[in-house]
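Following: one structure in C-alpha cells, then a few remarks.
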Amino acid sequence: MKMKFLLLLFCFPQFVLALASIPKDIQPPKAHSPYLTVYAKGVQIYQCTINQGSYSWQVQAPDAILYNEKHEIIGKHYKGPIWEYKKGSRIEGRIVNSQSQSDNAISWLLVEVVSKRGDGPFSAASYINRFNTVGGLSPSTGCDANHLGSEKKIPYSASYLFYMHSS
C-alpha cells in the first residue's frame, strides 16, 4: 500500500503541498490517504439571529460550485455539509475540528464523512479537509432587530482534500 501512496504523490504533486500545509489538529487519522483535491467557489450564507438577547450572523450553509484541476465543473457543495458529484452521487459530513488560519477568511476544517449515496469520485472519502480558504467570513455589521431573519451571502473560495481509508 505504501508503494501506491508514493505513486499517487509522485503523479499528483499538489498532494505533497496540501499535506505539508494541513495543520496537525485538522489532519485525519493516520490510516487515511489523500486521493482527490477539488476547488470550490461560491458563497457562505449567513442569517441574522438572536441568542440570549444578542444579535449575530450565524452561518447557515455553503453554496459553491466544485471544480477539478482542469477547472471543469464536477459538482456542488451545499448545506449538510454535502458534496455532490455532477452525476448525482453525494457524501455528507460532520465537522470534527476547525482551525483559523487568517483574520480574513473562514476556518480550515477536518470533516468526517457520515453518509454516502451512489458511486462517484467522492464516494471513497472517509475524511475531507477544507483549506486555502479565501473570504467567507460573517458580516461584521448589520445584524439587529430590523434585520432579524435576513440573510447575507458572502463570497468564498477553498480547496477540499478528500481522504480514503487505507489498510
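If you're wondering about the labels, chains in the C-alpha cells are A, B, ... by order shown, residues count from 1 in each chain, ligands from 1 in order shown.
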
Would you kindly return, as a PyMOL selection string, each protein, DNA or RNA residue with an atom no farther than 8 Å from any atom of segment 143-160 of chain A, considering only C-alpha atoms and excluding same-chain residues fewer than 4 positions away? chain A and resi 37-50+55-57+105+128-139

Selection: 6 Å around segment 93-99 of chain A, only C-alpha atoms, excl. self and same-chain fewer than 5 positions, as a short mmCIF file (atom, residue, chain, number, x, y, z; two decimals) with N, CA and C atoms, in the first residue's frame:
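Dumped to around_32.cif:
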data_model
loop_
_atom_site.label_atom_id
_atom_site.label_comp_id
_atom_site.auth_asym_id
_atom_site.auth_seq_id
_atom_site.Cartn_x
_atom_site.Cartn_y
_atom_site.Cartn_z
N ILE A 26 -6.03 19.34 12.36
CA ILE A 26 -7.12 19.05 11.43
C ILE A 26 -6.73 17.98 10.40
N PRO A 81 -22.85 19.51 5.86
CA PRO A 81 -22.35 19.85 4.52
C PRO A 81 -22.37 18.64 3.59
N SER A 107 -12.45 29.44 8.58
CA SER A 107 -11.53 28.45 9.14
C SER A 107 -11.27 27.29 8.18
N TRP A 108 -10.14 26.65 8.39
CA TRP A 108 -9.83 25.38 7.75
C TRP A 108 -10.51 24.30 8.60
N LEU A 109 -10.92 23.21 7.95
CA LEU A 109 -11.71 22.19 8.65
C LEU A 109 -11.19 20.78 8.43
N LEU A 110 -11.53 19.92 9.39
CA LEU A 110 -11.48 18.47 9.20
C LEU A 110 -12.93 18.01 9.30
N VAL A 111 -13.41 17.32 8.26
CA VAL A 111 -14.78 16.84 8.19
C VAL A 111 -14.75 15.33 8.05
N GLU A 112 -15.55 14.64 8.86
CA GLU A 112 -15.69 13.20 8.75
C GLU A 112 -16.92 12.90 7.90
N VAL A 113 -16.78 12.00 6.93
CA VAL A 113 -17.91 11.60 6.10
C VAL A 113 -18.81 10.69 6.93
N VAL A 114 -20.11 11.03 7.00
CA VAL A 114 -21.05 10.26 7.82
C VAL A 114 -22.11 9.53 7.00
#

From the DSSP assignment of the backbone, select every residue of segment 47-153 of chain A that is strand (DSSP E or B), and format the answer as a ChimeraX atom specification. /A:47-51,54-67,73-78,82-85,90-99,105,108-117,127-135,151-153

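Nearest to Val59 of chain A of all the residues A:Ser115, A:Gly80, A:Lys86, A:Ser33 is A:Gly80, based on only C-alpha atoms.
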
From the DSSP assignment of the backbone, select every residue of segment 9-139 of chain A that is alpha helix (DSSP H), and format the answer as a VMD selection string. chain A and resid 9 to 11 14 to 21

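Taking only C-alpha atoms into account, Arg117 of chain A lies nearest to A:Gly88 out of the set A:Pro23, A:Gly88, A:Pro34, A:Gly142.
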
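If you measure from each of A:Phe122, A:Thr141, A:Ser166, A:Gly53 to His77 of chain A using only C-alpha atoms, the closest one turns out to be A:Phe122.
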
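Taking atom CA of Ala61 of chain A and atom CA of Met164 of chain A as the two end points, the separation is 24.6 Å.
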
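Of the residues listed (A:Leu36, A:Gly118, A:His71, A:Ser54), A:Gly118 shows the shortest atom-to-atom separation from Glu84 of chain A; distances use only C-alpha atoms.
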
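From atom CA of His32 of chain A back to atom CA of Glu92 of chain A, the distance works out to 17.6 Å.
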
Calculate how many Å separate atom CA of His165 of chain A from atom CA of Lys87 of chain A, rounding to one decimal. 23.3 Å

Nearest to Leu161 of chain A: which of A:Gln52, A:Ser89, A:Ser140, A:Ser126 is it, counting only C-alpha atoms? A:Ser126
